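Next comes entry26.txt, a file with compact mmCIF, C-alpha atoms.
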```txt
# COMPACT_ATOMS: atom_id res chain seq x y z
CA MET A 1 7.12 -143.01 -81.64
CA LYS A 2 4.26 -140.66 -80.91
CA PRO A 3 4.47 -137.90 -78.31
CA ALA A 4 2.44 -138.02 -75.12
CA ALA A 5 -0.52 -135.67 -74.90
CA PHE A 6 0.10 -132.09 -73.85
CA GLU A 7 -1.69 -128.79 -73.61
CA TYR A 8 -0.70 -126.25 -76.26
CA VAL A 9 -0.44 -122.52 -75.65
CA ARG A 10 0.53 -120.13 -78.41
CA ALA A 11 1.91 -116.98 -76.83
CA ALA A 12 1.34 -113.72 -78.70
CA SER A 13 3.76 -111.78 -76.49
CA LEU A 14 6.64 -112.36 -74.12
CA ALA A 15 4.36 -111.50 -71.18
CA GLU A 16 1.88 -114.16 -72.30
CA ALA A 17 4.64 -116.72 -72.69
CA LEU A 18 6.02 -116.02 -69.21
CA ALA A 19 2.53 -116.27 -67.72
CA ALA A 20 1.94 -119.59 -69.49
CA LEU A 21 5.26 -120.93 -68.17
CA ASP A 22 4.01 -120.42 -64.60
CA HIS A 23 2.82 -124.01 -64.52
CA ASP A 24 3.94 -127.33 -63.02
CA ASP A 25 5.43 -128.86 -66.11
CA ALA A 26 5.64 -126.44 -69.02
CA LYS A 27 8.28 -126.24 -71.71
CA VAL A 28 9.03 -123.65 -74.37
CA ILE A 29 8.89 -124.70 -78.02
CA ALA A 30 10.40 -122.66 -80.87
CA GLY A 31 11.64 -124.63 -83.90
CA GLY A 32 11.23 -127.87 -81.99
CA GLN A 33 14.07 -129.56 -83.86
CA SER A 34 15.55 -131.03 -80.68
CA LEU A 35 12.46 -131.07 -78.48
CA VAL A 36 10.04 -132.84 -80.83
CA PRO A 37 12.38 -135.81 -81.47
CA MET A 38 12.74 -136.13 -77.68
CA MET A 39 8.97 -136.00 -77.34
CA ASN A 40 8.52 -138.58 -80.10
CA PHE A 41 10.79 -140.91 -78.12
CA ARG A 42 8.97 -139.83 -74.93
CA LEU A 43 12.27 -138.79 -73.42
CA ALA A 44 10.42 -135.53 -72.80
CA GLN A 45 6.76 -135.45 -71.81
CA PRO A 46 5.90 -131.89 -70.86
CA ALA A 47 2.31 -131.33 -69.72
CA ARG A 48 2.19 -127.98 -71.51
CA LEU A 49 4.01 -126.54 -74.50
CA VAL A 50 4.36 -122.80 -74.79
CA ASP A 51 4.91 -121.90 -78.44
CA ILE A 52 6.91 -118.66 -78.73
CA ASN A 53 7.08 -118.52 -82.55
CA ALA A 54 4.41 -115.84 -82.79
CA ILE A 55 6.15 -113.39 -80.43
CA PRO A 56 7.10 -110.35 -82.50
CA ASP A 57 10.66 -109.02 -82.70
CA LEU A 58 12.43 -112.16 -81.47
CA ASN A 59 13.50 -113.06 -85.02
CA ARG A 60 15.69 -110.05 -85.72
CA ILE A 61 19.43 -109.59 -86.03
CA GLU A 62 20.25 -106.05 -84.93
CA ASP A 63 23.35 -103.91 -85.17
CA ALA A 64 23.82 -102.13 -81.84
CA GLY A 65 27.23 -100.66 -82.69
CA THR A 66 29.52 -102.22 -80.11
CA HIS A 67 27.60 -105.48 -80.27
CA VAL A 68 25.10 -107.40 -82.36
CA VAL A 69 21.86 -108.71 -80.88
CA ILE A 70 20.49 -111.95 -82.29
CA GLY A 71 16.88 -112.69 -81.34
CA ALA A 72 16.13 -116.13 -79.92
CA LEU A 73 13.86 -117.04 -82.85
CA VAL A 74 16.52 -116.39 -85.49
CA ARG A 75 16.83 -119.62 -87.47
CA HIS A 76 20.16 -121.24 -88.27
CA ALA A 77 19.53 -120.70 -92.00
CA GLN A 78 18.77 -117.02 -91.37
CA ALA A 79 21.99 -116.54 -89.38
CA MET A 80 23.93 -118.39 -92.07
CA CYS A 81 22.99 -115.88 -94.78
CA SER A 82 22.93 -112.69 -92.67
CA ASP A 83 25.11 -109.96 -94.21
CA LEU A 84 25.47 -108.28 -90.82
CA LEU A 85 26.75 -111.44 -89.14
CA ALA A 86 29.00 -112.20 -92.12
CA ALA A 87 30.60 -108.76 -91.77
CA ARG A 88 31.08 -108.85 -87.98
CA PHE A 89 31.43 -112.55 -87.21
CA PRO A 90 32.22 -114.58 -90.35
CA VAL A 91 32.74 -117.59 -88.08
CA VAL A 92 28.96 -117.83 -87.58
CA ALA A 93 28.18 -118.86 -91.15
CA GLU A 94 31.15 -121.22 -91.11
CA ALA A 95 29.77 -122.91 -87.99
CA MET A 96 26.14 -122.91 -89.16
CA ALA A 97 27.09 -124.95 -92.24
CA HIS A 98 27.73 -127.80 -89.79
CA VAL A 99 24.35 -127.59 -88.04
CA ALA A 100 22.37 -130.68 -89.03
CA HIS A 101 20.83 -130.37 -92.51
CA LEU A 102 18.99 -127.90 -94.70
CA ALA A 103 15.45 -128.62 -93.44
CA ILE A 104 16.56 -128.58 -89.79
CA ARG A 105 18.41 -125.28 -90.28
CA ASN A 106 15.25 -123.75 -91.75
CA ARG A 107 13.31 -124.29 -88.49
CA GLY A 108 15.83 -124.68 -85.66
CA SER A 109 16.51 -121.49 -83.68
CA ILE A 110 19.51 -120.06 -81.84
CA GLY A 111 17.49 -119.77 -78.62
CA GLY A 112 16.45 -123.40 -78.86
CA SER A 113 19.99 -124.58 -79.48
CA LEU A 114 21.28 -122.65 -76.46
CA ALA A 115 18.46 -123.78 -74.16
CA HIS A 116 18.87 -127.39 -75.29
CA ALA A 117 22.60 -127.15 -74.49
CA ASP A 118 24.04 -130.13 -76.28
CA PRO A 119 27.78 -129.98 -75.43
CA SER A 120 28.62 -130.66 -79.09
CA ALA A 121 26.25 -128.07 -80.59
CA GLU A 122 27.61 -125.20 -82.66
CA TRP A 123 25.79 -122.18 -81.19
CA PRO A 124 26.97 -122.68 -77.60
CA LEU A 125 30.54 -122.89 -78.85
CA VAL A 126 30.18 -119.79 -81.03
CA VAL A 127 28.73 -117.79 -78.14
CA ALA A 128 31.57 -118.92 -75.85
CA LEU A 129 34.16 -118.08 -78.51
CA LEU A 130 32.77 -114.60 -79.10
CA ASP A 131 32.39 -113.79 -75.37
CA GLY A 132 28.65 -113.48 -75.95
CA GLU A 133 25.96 -112.96 -73.36
CA ILE A 134 22.70 -114.87 -73.28
CA VAL A 135 19.74 -112.63 -72.53
CA VAL A 136 17.10 -114.35 -70.43
CA ALA A 137 13.62 -113.06 -69.56
CA GLY A 138 11.80 -114.16 -66.44
CA PRO A 139 9.00 -113.04 -64.14
CA ASP A 140 11.31 -110.44 -62.57
CA GLY A 141 12.60 -108.98 -65.82
CA GLU A 142 15.70 -109.60 -67.91
CA ARG A 143 19.14 -110.82 -66.92
CA THR A 144 22.21 -111.80 -68.89
CA ALA A 145 24.51 -114.79 -68.46
CA ALA A 146 27.95 -115.46 -69.90
CA ALA A 147 28.32 -118.76 -71.74
CA GLU A 148 30.55 -120.17 -69.01
CA ASP A 149 27.86 -119.54 -66.38
CA PHE A 150 24.92 -120.53 -68.58
CA PHE A 151 25.98 -124.05 -69.58
CA VAL A 152 25.98 -126.17 -66.43
CA ALA A 153 26.09 -129.76 -67.71
CA PRO A 154 25.12 -131.66 -70.87
CA LEU A 155 21.52 -130.60 -71.66
CA VAL A 156 21.45 -128.55 -68.45
CA THR A 157 21.60 -124.75 -68.24
CA ASP A 158 21.08 -122.24 -65.46
CA LEU A 159 17.76 -121.30 -67.08
CA ALA A 160 14.98 -121.47 -64.47
CA GLU A 161 11.74 -123.24 -65.39
CA ASP A 162 9.91 -119.93 -65.70
CA GLU A 163 12.56 -118.21 -67.83
CA ILE A 164 12.97 -117.89 -71.62
CA VAL A 165 16.07 -117.21 -73.69
CA VAL A 166 15.16 -114.08 -75.66
CA ALA A 167 18.41 -113.06 -77.35
CA VAL A 168 22.17 -113.31 -77.57
CA ARG A 169 24.45 -110.28 -77.46
CA LEU A 170 27.75 -110.70 -79.27
CA PRO A 171 30.35 -107.97 -78.66
CA VAL A 172 32.07 -106.93 -81.90
CA PRO A 173 35.77 -107.80 -81.66
CA PRO A 174 38.45 -105.29 -82.69
CA ALA A 175 38.98 -104.83 -86.44
CA GLY A 176 41.39 -107.21 -88.11
CA CYS A 177 40.57 -110.31 -86.06
CA GLY A 178 40.68 -113.64 -87.87
CA MET A 179 38.18 -116.34 -86.96
CA ALA A 180 37.61 -119.95 -87.91
CA PHE A 181 35.48 -122.96 -86.99
CA ASP A 182 35.79 -126.66 -87.74
CA GLU A 183 34.48 -129.92 -86.39
CA MET A 184 34.81 -133.66 -86.80
CA SER A 185 31.70 -135.78 -87.19
CA ARG A 186 31.34 -139.21 -88.74
CA ARG A 187 28.65 -138.09 -91.18
CA ALA A 188 27.75 -134.63 -92.48
CA GLY A 189 25.19 -133.04 -90.18
CA ASP A 190 25.75 -135.33 -87.20
CA PHE A 191 26.60 -133.81 -83.86
CA ALA A 192 30.34 -133.20 -83.65
CA ILE A 193 32.63 -135.61 -81.84
CA VAL A 194 34.84 -132.58 -81.22
CA SER A 195 34.45 -129.02 -82.49
CA ALA A 196 36.77 -126.03 -82.26
CA GLY A 197 36.52 -122.30 -82.87
CA ALA A 198 39.34 -119.77 -82.86
CA LEU A 199 39.72 -116.02 -82.90
CA VAL A 200 43.10 -114.28 -83.17
CA ARG A 201 44.39 -110.75 -83.55
CA VAL A 202 47.93 -109.94 -84.61
CA GLU A 203 49.94 -106.83 -83.76
CA ASP A 204 53.54 -106.22 -84.80
CA GLY A 205 53.99 -109.83 -85.82
CA VAL A 206 52.89 -111.37 -82.52
CA PHE A 207 49.59 -112.76 -81.24
CA ALA A 208 47.89 -109.87 -79.41
CA GLN A 209 44.66 -111.71 -78.72
CA VAL A 210 43.83 -115.42 -78.84
CA ARG A 211 40.61 -117.28 -78.13
CA LEU A 212 40.06 -121.00 -78.51
CA ALA A 213 36.70 -122.63 -77.74
CA LEU A 214 36.12 -126.39 -77.79
CA GLY A 215 32.96 -128.49 -77.99
CA GLY A 216 32.30 -132.15 -77.27
CA VAL A 217 34.92 -132.39 -74.54
CA GLY A 218 33.13 -131.12 -71.45
CA ASP A 219 29.82 -130.21 -69.84
CA GLY A 220 29.36 -127.39 -72.33
CA PRO A 221 31.58 -125.27 -74.56
CA VAL A 222 35.03 -124.94 -73.01
CA ARG A 223 37.46 -122.05 -73.40
CA ALA A 224 41.06 -123.27 -73.46
CA ARG A 225 42.35 -120.48 -71.21
CA ALA A 226 45.76 -122.01 -70.56
CA PHE A 227 46.34 -122.28 -74.31
CA GLU A 228 45.11 -118.74 -74.91
CA ASP A 229 47.47 -117.35 -72.25
CA ALA A 230 50.38 -119.38 -73.59
CA LEU A 231 50.03 -118.20 -77.18
CA VAL A 232 49.51 -114.47 -76.53
CA GLY A 233 52.78 -112.63 -77.10
CA LYS A 234 54.29 -115.42 -79.22
CA PRO A 235 55.27 -114.79 -82.88
CA ALA A 236 52.23 -115.01 -85.16
CA THR A 237 53.32 -118.19 -86.91
CA PRO A 238 51.95 -121.71 -87.39
CA GLN A 239 55.06 -122.96 -85.56
CA ALA A 240 54.13 -120.97 -82.45
CA ILE A 241 50.60 -122.42 -82.58
CA ALA A 242 51.95 -125.96 -82.85
CA GLY A 243 54.33 -125.31 -79.97
CA CYS A 244 51.46 -124.42 -77.62
CA LEU A 245 48.95 -127.13 -78.58
CA ASP A 246 49.72 -129.25 -75.52
CA PHE A 247 48.08 -126.48 -73.49
CA ALA A 248 44.81 -126.98 -75.41
CA VAL A 249 44.16 -130.36 -73.82
CA GLU A 250 45.18 -129.21 -70.35
CA ASP A 251 42.47 -129.88 -67.75
CA LEU A 252 40.19 -131.57 -70.30
CA GLU A 253 38.56 -134.80 -69.16
CA PRO A 254 36.28 -135.86 -72.01
CA GLU A 255 34.07 -138.92 -71.64
CA SER A 256 34.38 -142.06 -73.71
CA ASP A 257 31.10 -143.02 -75.33
CA LEU A 258 29.85 -144.98 -78.30
CA HIS A 259 30.91 -142.25 -80.70
CA ALA A 260 34.52 -141.87 -79.61
CA SER A 261 36.98 -142.72 -76.86
CA ALA A 262 38.33 -140.04 -74.56
CA GLU A 263 41.78 -140.56 -76.09
CA TYR A 264 40.47 -139.97 -79.61
CA ARG A 265 38.65 -136.84 -78.48
CA LEU A 266 41.86 -135.45 -77.00
CA HIS A 267 43.67 -136.29 -80.23
CA LEU A 268 41.00 -134.40 -82.18
CA VAL A 269 41.37 -131.37 -79.89
CA GLY A 270 44.97 -131.05 -80.99
CA VAL A 271 44.23 -131.56 -84.68
CA LEU A 272 41.20 -129.26 -84.87
CA SER A 273 42.71 -126.57 -82.64
CA GLY A 274 45.77 -126.39 -84.86
CA ARG A 275 43.59 -126.26 -87.95
CA VAL A 276 41.25 -123.45 -86.80
CA LEU A 277 44.07 -121.38 -85.33
CA GLU A 278 46.11 -121.56 -88.52
CA ARG A 279 43.06 -120.64 -90.56
CA ALA A 280 42.17 -117.77 -88.20
CA LEU A 281 45.76 -116.55 -88.38
CA ALA A 282 45.69 -116.55 -92.19
CA ARG A 283 42.48 -114.50 -92.07
CA ALA A 284 43.72 -111.96 -89.53
CA SER A 285 44.89 -108.71 -91.05
CA GLY A 286 48.52 -107.93 -90.50
CA SER A 287 49.59 -111.56 -90.67
CA ALA A 288 52.35 -112.32 -93.13
CA SER A 289 50.71 -115.03 -95.22
CA MET B 1 -6.84 -135.66 -72.26
CA SER B 2 -5.59 -132.63 -74.09
CA ARG B 3 -7.93 -130.09 -75.54
CA ARG B 4 -8.39 -130.18 -79.28
CA VAL B 5 -7.29 -127.19 -81.27
CA ASP B 6 -8.78 -125.88 -84.51
CA ILE B 7 -6.28 -125.13 -87.24
CA ALA B 8 -6.68 -123.49 -90.63
CA LEU B 9 -3.96 -123.79 -93.23
CA THR B 10 -3.36 -124.17 -96.94
CA VAL B 11 -2.19 -127.52 -98.30
CA ASN B 12 -1.17 -127.65 -101.95
CA GLY B 13 -3.20 -124.53 -102.59
CA GLU B 14 -6.39 -125.83 -100.97
CA PRO B 15 -7.69 -124.30 -97.74
CA VAL B 16 -8.02 -126.86 -94.94
CA THR B 17 -9.62 -126.56 -91.50
CA GLU B 18 -9.42 -129.38 -88.97
CA SER B 19 -9.74 -129.99 -85.26
CA ILE B 20 -6.73 -131.85 -83.91
CA GLU B 21 -4.95 -132.92 -80.75
CA PRO B 22 -1.89 -130.71 -80.21
CA ARG B 23 0.37 -133.76 -80.16
CA MET B 24 -0.48 -134.72 -83.74
CA LEU B 25 2.63 -134.55 -85.92
CA LEU B 26 2.34 -132.74 -89.23
CA SER B 27 3.34 -135.97 -91.02
CA ASP B 28 0.43 -137.86 -89.40
CA PHE B 29 -1.92 -134.98 -90.07
CA LEU B 30 -1.10 -135.00 -93.79
CA ARG B 31 -1.27 -138.78 -94.11
CA ASP B 32 -4.10 -139.75 -91.75
CA ARG B 33 -6.36 -136.71 -91.82
CA LEU B 34 -5.89 -135.48 -95.36
CA ALA B 35 -5.00 -138.87 -96.94
CA LEU B 36 -1.93 -137.28 -98.54
CA THR B 37 0.19 -140.41 -98.16
CA GLY B 38 2.93 -139.21 -100.51
CA THR B 39 4.69 -137.72 -97.49
CA HIS B 40 6.50 -140.77 -96.12
CA VAL B 41 7.46 -141.50 -92.55
CA GLY B 42 10.82 -143.16 -92.02
CA CYS B 43 12.64 -142.53 -88.77
CA GLU B 44 10.15 -140.22 -87.04
CA HIS B 45 12.90 -138.23 -85.37
CA GLY B 46 14.11 -135.92 -88.09
CA VAL B 47 17.08 -137.92 -89.37
CA CYS B 48 16.07 -139.67 -92.60
CA GLY B 49 14.36 -136.87 -94.55
CA ALA B 50 11.55 -139.01 -96.02
CA CYS B 51 8.87 -136.73 -94.51
CA THR B 52 10.32 -133.48 -95.92
CA VAL B 53 7.62 -131.00 -97.02
CA GLU B 54 7.57 -127.27 -97.65
CA ILE B 55 6.28 -124.95 -94.96
CA ASP B 56 5.88 -121.39 -96.23
CA GLY B 57 8.26 -122.05 -99.10
CA VAL B 58 11.15 -123.71 -97.26
CA SER B 59 11.83 -127.37 -96.62
CA ALA B 60 10.98 -128.78 -93.20
CA ARG B 61 10.63 -132.13 -91.48
CA ALA B 62 6.95 -132.97 -91.07
CA CYS B 63 7.73 -135.64 -88.45
CA ILE B 64 9.28 -133.18 -86.00
CA THR B 65 6.77 -130.40 -86.53
CA PHE B 66 3.43 -130.40 -84.74
CA ALA B 67 0.47 -129.86 -87.04
CA VAL B 68 -0.78 -127.23 -84.60
CA GLN B 69 2.37 -125.22 -85.33
CA ALA B 70 1.44 -125.18 -89.02
CA ASP B 71 -1.75 -123.22 -88.29
CA GLY B 72 -1.89 -120.37 -90.78
CA SER B 73 0.91 -121.81 -92.91
CA ASP B 74 1.12 -122.68 -96.56
CA ILE B 75 2.15 -126.34 -96.91
CA ARG B 76 3.25 -128.08 -100.07
CA THR B 77 3.65 -131.84 -100.30
CA VAL B 78 4.73 -134.11 -103.14
CA GLU B 79 1.09 -134.28 -104.24
CA GLY B 80 1.39 -130.57 -104.98
CA LEU B 81 4.09 -131.10 -107.60
CA GLY B 82 3.27 -132.72 -110.95
CA THR B 83 0.98 -135.57 -111.88
CA ILE B 84 1.87 -138.91 -113.44
CA ALA B 85 0.88 -137.54 -116.84
CA GLY B 86 2.43 -134.14 -116.23
CA MET B 87 5.47 -134.39 -114.00
CA ASP B 88 7.14 -131.22 -112.82
CA ARG B 89 10.71 -130.44 -113.83
CA VAL B 90 12.35 -132.00 -110.76
CA GLN B 91 10.34 -135.20 -111.17
CA GLN B 92 11.25 -135.34 -114.88
CA ALA B 93 14.95 -135.08 -114.07
CA PHE B 94 14.67 -137.83 -111.43
CA ARG B 95 12.94 -140.06 -113.98
CA LYS B 96 15.45 -139.35 -116.72
CA HIS B 97 18.47 -140.08 -114.54
CA HIS B 98 16.97 -143.10 -112.74
CA ALA B 99 17.32 -141.19 -109.48
CA LEU B 100 15.10 -143.63 -107.61
CA GLN B 101 14.59 -147.34 -107.20
CA CYS B 102 12.10 -148.29 -104.48
CA GLY B 103 10.89 -144.69 -104.28
CA TYR B 104 10.35 -144.54 -100.53
CA CYS B 105 12.72 -141.62 -100.03
CA THR B 106 11.78 -139.87 -103.28
CA PRO B 107 9.06 -137.47 -102.03
CA GLY B 108 11.48 -136.13 -99.41
CA PHE B 109 14.27 -135.77 -101.95
CA LEU B 110 12.00 -133.91 -104.38
CA MET B 111 11.02 -131.37 -101.72
CA THR B 112 14.64 -130.91 -100.63
CA VAL B 113 15.82 -130.44 -104.22
CA ARG B 114 13.23 -127.71 -104.78
CA ASP B 115 14.62 -125.82 -101.79
CA LEU B 116 18.23 -126.37 -102.95
CA LEU B 117 17.45 -125.07 -106.44
CA ARG B 118 15.76 -121.96 -105.06
CA ASN B 119 18.28 -120.96 -102.43
CA HIS B 120 21.66 -122.56 -103.06
CA PRO B 121 24.44 -122.00 -105.63
CA LEU B 122 25.26 -125.74 -106.11
CA LYS B 123 28.46 -124.90 -107.99
CA THR B 124 30.03 -128.31 -107.51
CA ASP B 125 28.78 -131.87 -107.08
CA ASP B 126 30.16 -131.67 -103.53
CA ASP B 127 27.74 -128.80 -102.89
CA ILE B 128 24.90 -130.97 -104.18
CA ARG B 129 25.92 -133.90 -102.00
CA ASP B 130 26.18 -131.62 -98.98
CA GLY B 131 22.73 -130.21 -99.72
CA LEU B 132 21.25 -133.69 -100.04
CA SER B 133 23.01 -135.03 -96.94
CA GLY B 134 19.86 -134.74 -94.82
CA ASN B 135 17.99 -137.24 -96.98
CA ILE B 136 18.80 -140.91 -96.79
CA CYS B 137 18.43 -143.26 -99.79
CA ARG B 138 19.24 -146.94 -99.35
CA CYS B 139 18.87 -147.94 -103.02
CA THR B 140 20.58 -145.63 -105.46
CA GLY B 141 23.96 -144.94 -103.90
CA TYR B 142 23.06 -141.26 -104.57
CA GLU B 143 25.04 -141.00 -107.81
CA HIS B 144 21.99 -140.80 -110.04
CA ILE B 145 20.27 -138.37 -107.71
CA VAL B 146 23.33 -136.11 -107.91
CA ARG B 147 23.21 -136.33 -111.73
CA ALA B 148 19.56 -135.31 -111.75
CA VAL B 149 20.25 -132.32 -109.50
CA ARG B 150 23.32 -131.40 -111.56
CA GLU B 151 21.15 -131.18 -114.67
CA LEU B 152 18.56 -129.08 -112.85
CA ALA B 153 21.16 -126.72 -111.39
CA ASP B 154 22.90 -126.31 -114.77
CA GLU B 155 19.55 -125.65 -116.43
CA ARG B 156 18.75 -123.04 -113.78
CA ASP B 157 22.14 -121.36 -114.25
CA GLY B 158 22.09 -121.50 -118.06
CA VAL B 159 25.03 -123.91 -118.16
CA ARG B 160 25.03 -126.34 -121.06
CA GLY B 161 25.27 -129.97 -120.04
CA ASP B 162 27.00 -132.85 -121.82
CA ASP B 163 23.91 -134.20 -123.51
```

Would you mind giving the structure from this file in structure tokens?
Amino acid sequence: MKPAAFEYVRAASLAEALAALDHDDAKVIAGGQSLVPMMNFRLAQPARLVDINAIPDLNRIEDAGTHVVIGALVRHAQAMCSDLLAARFPVVAEAMAHVAHLAIRNRGSIGGSLAHADPSAEWPLVVALLDGEIVVAGPDGERTAAAEDFFVAPLVTDLAEDEIVVAVRLPVPPAGCGMAFDEMSRRAGDFAIVSAGALVRVEDGVFAQVRLALGGVGDGPVRARAFEDALVGKPATPQAIAGCLDFAVEDLEPESDLHASAEYRLHLVGVLSGRVLERALARASGSAS
Amino acid sequence: MSRRVDIALTVNGEPVTESIEPRMLLSDFLRDRLALTGTHVGCEHGVCGACTVEIDGVSARACITFAVQADGSDIRTVEGLGTIAGMDRVQQAFRKHHALQCGYCTPGFLMTVRDLLRNHPLKTDDDIRDGLSGNICRCTGYEHIVRAVRELADERDGVRGDD
């Protein structure tokens, strides 16, 4: 239960970090809350660790008007109590409450969670739900990737070995949207068996905008597009949500594993989707209840 | 194999400088280098909470933090709380409410409770249980730990308890 030896480089700037990553077998470390357990088990044995914690300005949450930029080093605990995020995306704090435990949330970072890409993790789902873009720096400059392009497979992203996640850009949705997040795990703080996030906007008594993102049922976070399309235009009622829930499981092929069978996961998709959509509806302005 | 790194940090108020391998975990550094064996090692992958310490005033898992990452930090361990003759307030409450039996998990719980009392409302016992959910205790069934934290939270908030 001790990590293999590695070379340690503390980068003082993004340029230094990128230079240090130009190496056969280097890995970025931020909070280390996923990477260090893997190293303790020797599931990961990088030859070099590039510590990005000292890079200035990556730990800020910034209001850019049409969107909010969250630096890669922002900790889960920091995001959870951010007034700016609470005002624009109340679903973030709701989701962060499910991320592991207090001590883990104090150190774990948004960039680390996204780069680690556990298909049940909260941040990837939140970014997919909010149509966020992941900002990646590499030797040739910056690029952005949508969640659906970034998450390739469980624990696999389209991040190249010499690239670093530097930020996430979340576009601010129109005023009056309701949002909600929930998940099912066997014990508090465990990775979710299934998680769900919803965003709805109501106009003239009907659903004008609907987003539903699911975790734990695919290679990464999944947007239930067929469900979203089916519910838009329907009356903004719990009955309409219930009537469309069959669409939420369409095209999903979750795996059975030691935590849950595929059938149970699909059952949870229905239950949790209904729950977050009803809650989002109740929070949307202009809804009756 | 890997180059040693010099680190300088503060542990329980005392300045410390050491030369370490980068792969040394903070938990091993505290126990094996500094002989501060109050920080316990349970699961060694961040699940059980026994190794919880404070890094720069917030709780953290020493077993999934490299000591080299604590360079320049201010660390507090259970040895930095009270003494046997002069327990700190959290330790007193644990003693009063019998919030421990074998004591293996206790250092981690004490450090977590300090963080909870500083940063969390703890309005209900459910809040307390949620806050403690990252620390595993196999003896007490948690009930007495929750009672100890309830007393501490009420005392902090100026709420009068039952006794």

| Exercise answer, chain B residues close to chain A, 10 Å and all atoms listed in the file, as a PyMOL selection string | chain B and resi 1-5+21-25+28+43-47+49+52-55+58-66+68-69+111-112+115-116+129-135

Anything within 8 Å of (33.0, -125.0, -80.9): list those residues as an mmCIF file with C-alpha atoms, in the coordinates of the input, counting only C-alpha atoms and sticking to the file's coordinates.
```cif
data_model
loop_
_atom_site.group_PDB
_atom_site.id
_atom_site.type_symbol
_atom_site.label_atom_id
_atom_site.label_comp_id
_atom_site.auth_asym_id
_atom_site.auth_seq_id
_atom_site.Cartn_x
_atom_site.Cartn_y
_atom_site.Cartn_z
ATOM 1 C CA SER A 120 28.620 -130.660 -79.090
ATOM 2 C CA ALA A 121 26.250 -128.070 -80.590
ATOM 3 C CA GLU A 122 27.610 -125.200 -82.660
ATOM 4 C CA TRP A 123 25.790 -122.180 -81.190
ATOM 5 C CA PRO A 124 26.970 -122.680 -77.600
ATOM 6 C CA LEU A 125 30.540 -122.890 -78.850
ATOM 7 C CA VAL A 126 30.180 -119.790 -81.030
ATOM 8 C CA LEU A 129 34.160 -118.080 -78.510
ATOM 9 C CA PHE A 181 35.480 -122.960 -86.990
ATOM 10 C CA ASP A 182 35.790 -126.660 -87.740
ATOM 11 C CA GLU A 183 34.480 -129.920 -86.390
ATOM 12 C CA VAL A 194 34.840 -132.580 -81.220
ATOM 13 C CA SER A 195 34.450 -129.020 -82.490
ATOM 14 C CA ALA A 196 36.770 -126.030 -82.260
ATOM 15 C CA GLY A 197 36.520 -122.300 -82.870
ATOM 16 C CA ALA A 213 36.700 -122.630 -77.740
ATOM 17 C CA LEU A 214 36.120 -126.390 -77.790
ATOM 18 C CA GLY A 215 32.960 -128.490 -77.990
ATOM 19 C CA PRO A 221 31.580 -125.270 -74.560
#
```

| request: Determine, counting all atoms listed in the file, which protein, DNA and RNA residues have an atom within 6 Å of an atom of Val11 in chain B; residues of the same chain fewer than 2 positions away are not included. Present the result as a list in words. | output: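 What passes the distance filter is Gly13, Glu14, Ile75 and Arg76 of chain B.
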
| Separation of CA of Pro154 in chain A and CA of Leu21 in chain A, in Å? |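 Pair CA of Pro154 in chain A / CA of Leu21 in chain A returns 22.7 Å.
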
| said: Given the point (8.2, -130.6, -71.1) in the file's coordinates, find the residues that have an atom at most 6 Å from it, counting all atoms listed in the file, and give them as a list in words. | reply: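 Residues found, by chain and rising number: Asp25, Ala26, Lys27, Ala44, Gln45 and Pro46 of chain A.
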
| Residues within 12 Å of Ala284 in chain A, only C-alpha atoms, excluding chain neighbours under 6 positions, as a ChimeraX atom specification | /A:90,173-180,198-203,205-210,236-237,277-278

| message | As an exercise, work out the distance from CA of Val149 in chain B to CA of Arg75 in chain A in Å and give it to one decimal place. | response |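 Going from CA of Val149 in chain B over to CA of Arg75 in chain A, I get 25.7 Å.
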